[in-house]
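Visitor: Dumping the structure here so I can ask a few things about it.
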Amino acid sequence: MVRVALLPLAGFLASCLVVCSAEAQTRSLSGNVSSYAPATEAPAPAWETRIGAGIANPGGRESGLANIGAEVLSPRLIPLQDRIAAAFIPRFNLGTSLNLNGTRYAYAGATWTFDVTREVFVEASLGAAVNDGKTGLVVPENRLNLGCNTGARGAAALGVRLSDRWSLVTTLEHFSTTGCGDRIGSSPRGPANFGARLGYTF
């Protein structure tokens, strides 16, 4: 009889546990916490390294040559949970683009990241760069004429988070030769490289 009497009590306690669990999962966040939280949030301090390969300057001089890229990104200057606000806080970058048989350059600047969804993000980068390309009045037909060895590097990227540490990023980057065309007879044009990089956050 005691066991039979305890059955309704056990059922009532089980129901309470289910209801409490459901309420905990659906409880609204406090006002100072964003309702958006990436499923694969990078662990602190969120330094990131990326390395990959691509095609150099498709459709132009030096096109079809293998290109290797590597980059290090710092954490955001101010860590924010809200994805909209965080998009305006840059990370610093330091990297290089190595064309095995053509123009090579190194760069440093800033990268802005915006989370489109929990796994997908887009980026924009801008910074200063130096190159070892051809700058004279006479340039081989298979090489780019950059006009000078300094300039700016801009990039746009689309990335996917594979896990909390790994990501895959496709990047279109361009070395700008603005201000390098003052020499008579010079028509400088910087490379625009397309490729993919594998990122690791640590």
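Ordered as shown in the structure tokens, chains take letters A, B, and onward, while each chain numbers its residues from 1 and ligands are numbered from 1 in the order shown.
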If we count only C-alpha atoms, what is near Ala86 (chain A) at a cut-off of 8 Å, once residues fewer than 6 positions away on the same chain are taken out, given as JSON, numbers by chain?
Guide: {"A": [79, 80, 113, 114]}
Visitor: Using only C-alpha atoms, I'd like a table of the residues in region 42-96 of chain A that come within 12 Å of region 152-158 of chain A; for each, show the closest atom pair and its distance in Å rounded to one decimal, ordered by chain and ascending number, as JSON lines.
Guide:
{"residue": "A:Asn93", "atom": "CA", "partner": "A:Arg153", "partner_atom": "CA", "distance": 11.4}
{"residue": "A:Leu94", "atom": "CA", "partner": "A:Arg153", "partner_atom": "CA", "distance": 11.2}
{"residue": "A:Gly95", "atom": "CA", "partner": "A:Arg153", "partner_atom": "CA", "distance": 10.5}
{"residue": "A:Thr96", "atom": "CA", "partner": "A:Arg153", "partner_atom": "CA", "distance": 10.4}
Visitor: Save out the residues we just selected, N, CA and C atoms, as a PDB file, in the first residue's frame.
Guide:
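Output contents, as saved in result-v6.pdb:
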ATOM      1  N   ASN A  93      45.877  42.750 -37.771  1.00  0.00           N
ATOM      2  CA  ASN A  93      46.401  41.614 -38.522  1.00  0.00           C
ATOM      3  C   ASN A  93      47.819  41.882 -38.989  1.00  0.00           C
ATOM      4  N   LEU A  94      48.556  40.816 -39.192  1.00  0.00           N
ATOM      5  CA  LEU A  94      49.911  40.853 -39.730  1.00  0.00           C
ATOM      6  C   LEU A  94      50.046  39.630 -40.617  1.00  0.00           C
ATOM      7  N   GLY A  95      50.365  39.850 -41.901  1.00  0.00           N
ATOM      8  CA  GLY A  95      50.385  38.707 -42.801  1.00  0.00           C
ATOM      9  C   GLY A  95      51.251  38.913 -44.022  1.00  0.00           C
ATOM     10  N   THR A  96      51.236  37.905 -44.882  1.00  0.00           N
ATOM     11  CA  THR A  96      52.024  37.944 -46.103  1.00  0.00           C
ATOM     12  C   THR A  96      51.319  37.188 -47.207  1.00  0.00           C
TER      13      THR A  96
END
Visitor: What's the 12 Å shell around Gly59 (chain A), counting only C-alpha atoms, without same-chain residues fewer than 5 positions away, as an NGL selection string?
Guide: :A and (64-65 or 191-194)
Visitor: Enter the distance from CA of Gly69 (chain A) to CA of His174 (chain A), in Å, rounded to one decimal.
Guide: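 These atoms are spaced 12.6 Å apart.
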Visitor: Could you tell me, as a PyMOL selection string, which residues of region 54-136 of chain A DSSP assigns to alpha helix (DSSP H) when given the backbone?
Guide: chain A and resi 83-86
Visitor: Could you jot down the CA of Phe88 (chain A) to CA of Thr117 (chain A) separation for me, Å, one decimal place?
Guide: 16.7 Å
Visitor: Find the residues near Pro188 (chain A): any atom within 12 Å, counting only C-alpha atoms, skip ones fewer than 5 places away on the same chain, and give them as a list in words.
Guide: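 Once the adjacent positions are removed, what remains is Arg61, Gly133, Lys134, Thr135, Gly136, Leu137, Val138, Val139, Arg143, Leu144, Asn145, Leu146, Gly147, Cys148, Asn149, Gly151, Phe175, Ser176, Thr177, Thr178, Gly179, Cys180, Gly181, Asp182 and Arg183 of chain A.
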Visitor: Write out the residues from the selection above, keeping C-alpha atoms, as a PDB file, in the first residue's frame.
Guide:
ATOM      1  CA  ARG A  61      49.711  39.338 -65.530  1.00  0.00           C
ATOM      2  CA  GLY A 133      57.506  43.582 -57.303  1.00  0.00           C
ATOM      3  CA  LYS A 134      58.736  45.276 -60.461  1.00  0.00           C
ATOM      4  CA  THR A 135      58.677  49.071 -60.297  1.00  0.00           C
ATOM      5  CA  GLY A 136      60.841  50.294 -63.195  1.00  0.00           C
ATOM      6  CA  LEU A 137      59.834  51.785 -66.542  1.00  0.00           C
ATOM      7  CA  VAL A 138      60.736  48.534 -68.299  1.00  0.00           C
ATOM      8  CA  VAL A 139      58.884  45.501 -66.904  1.00  0.00           C
ATOM      9  CA  ARG A 143      55.179  40.566 -64.543  1.00  0.00           C
ATOM     10  CA  LEU A 144      53.023  43.261 -62.974  1.00  0.00           C
ATOM     11  CA  ASN A 145      54.244  46.857 -62.944  1.00  0.00           C
ATOM     12  CA  LEU A 146      53.526  48.123 -59.453  1.00  0.00           C
ATOM     13  CA  GLY A 147      55.144  51.538 -59.789  1.00  0.00           C
ATOM     14  CA  CYS A 148      56.459  51.543 -56.200  1.00  0.00           C
ATOM     15  CA  ASN A 149      57.186  49.139 -53.374  1.00  0.00           C
ATOM     16  CA  GLY A 151      50.939  50.737 -50.937  1.00  0.00           C
ATOM     17  CA  PHE A 175      47.394  45.353 -53.368  1.00  0.00           C
ATOM     18  CA  SER A 176      46.553  48.957 -54.197  1.00  0.00           C
ATOM     19  CA  THR A 177      49.031  51.017 -56.248  1.00  0.00           C
ATOM     20  CA  THR A 178      47.257  54.341 -55.663  1.00  0.00           C
ATOM     21  CA  GLY A 179      49.779  57.162 -55.860  1.00  0.00           C
ATOM     22  CA  CYS A 180      52.353  55.076 -57.719  1.00  0.00           C
ATOM     23  CA  GLY A 181      51.410  56.215 -61.267  1.00  0.00           C
ATOM     24  CA  ASP A 182      53.164  59.577 -61.267  1.00  0.00           C
ATOM     25  CA  ARG A 183      56.084  58.353 -63.348  1.00  0.00           C
TER      26      ARG A 183
END
Visitor: Do you have the CA of Ala87 (chain A)-CA of Ala110 (chain A) distance handy?
Guide: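 So the two atoms, CA of Ala87 (chain A) and CA of Ala110 (chain A), lie 12.1 Å apart.
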Visitor: From the list A:Val160, A:Leu73, A:Ala128, A:Val122, which residue is nearest Glu48 (chain A) when using only C-alpha atoms?
Guide: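 Of A:Val160, A:Leu73, A:Ala128, A:Val122, the one nearest Glu48 (chain A), counting only C-alpha atoms, is A:Leu73.
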Visitor: Find the residues near Arg76 (chain A): any atom within 7 Å, counting only C-alpha atoms, skip ones fewer than 2 places away on the same chain, and give them as an mmCIF file with C-alpha atoms, in the first residue's frame.
Guide:
data_model
loop_
_atom_site.group_PDB
_atom_site.id
_atom_site.type_symbol
_atom_site.label_atom_id
_atom_site.label_comp_id
_atom_site.auth_asym_id
_atom_site.auth_seq_id
_atom_site.Cartn_x
_atom_site.Cartn_y
_atom_site.Cartn_z
ATOM 1 C CA SER A 74 44.828 39.613 -32.571
ATOM 2 C CA ILE A 78 37.155 45.474 -26.688
ATOM 3 C CA PRO A 79 35.355 42.107 -26.285
ATOM 4 C CA ILE A 89 35.610 46.665 -33.118
ATOM 5 C CA PRO A 90 38.601 45.640 -35.259
ATOM 6 C CA ARG A 91 41.277 43.050 -34.796
#
Visitor: Quick one: residues within 8 Å of Asn131 (chain A), only C-alpha atoms, excluding same-chain residues fewer than 2 positions away - as a ChimeraX atom specification?
Guide: /A:103-106,129,133,149-150
Visitor: Write out as a count of residues only the residues lying within 9 Å of Tyr200 (chain A), counting only C-alpha atoms and excluding same-chain residues fewer than 5 positions away.
Guide: 7
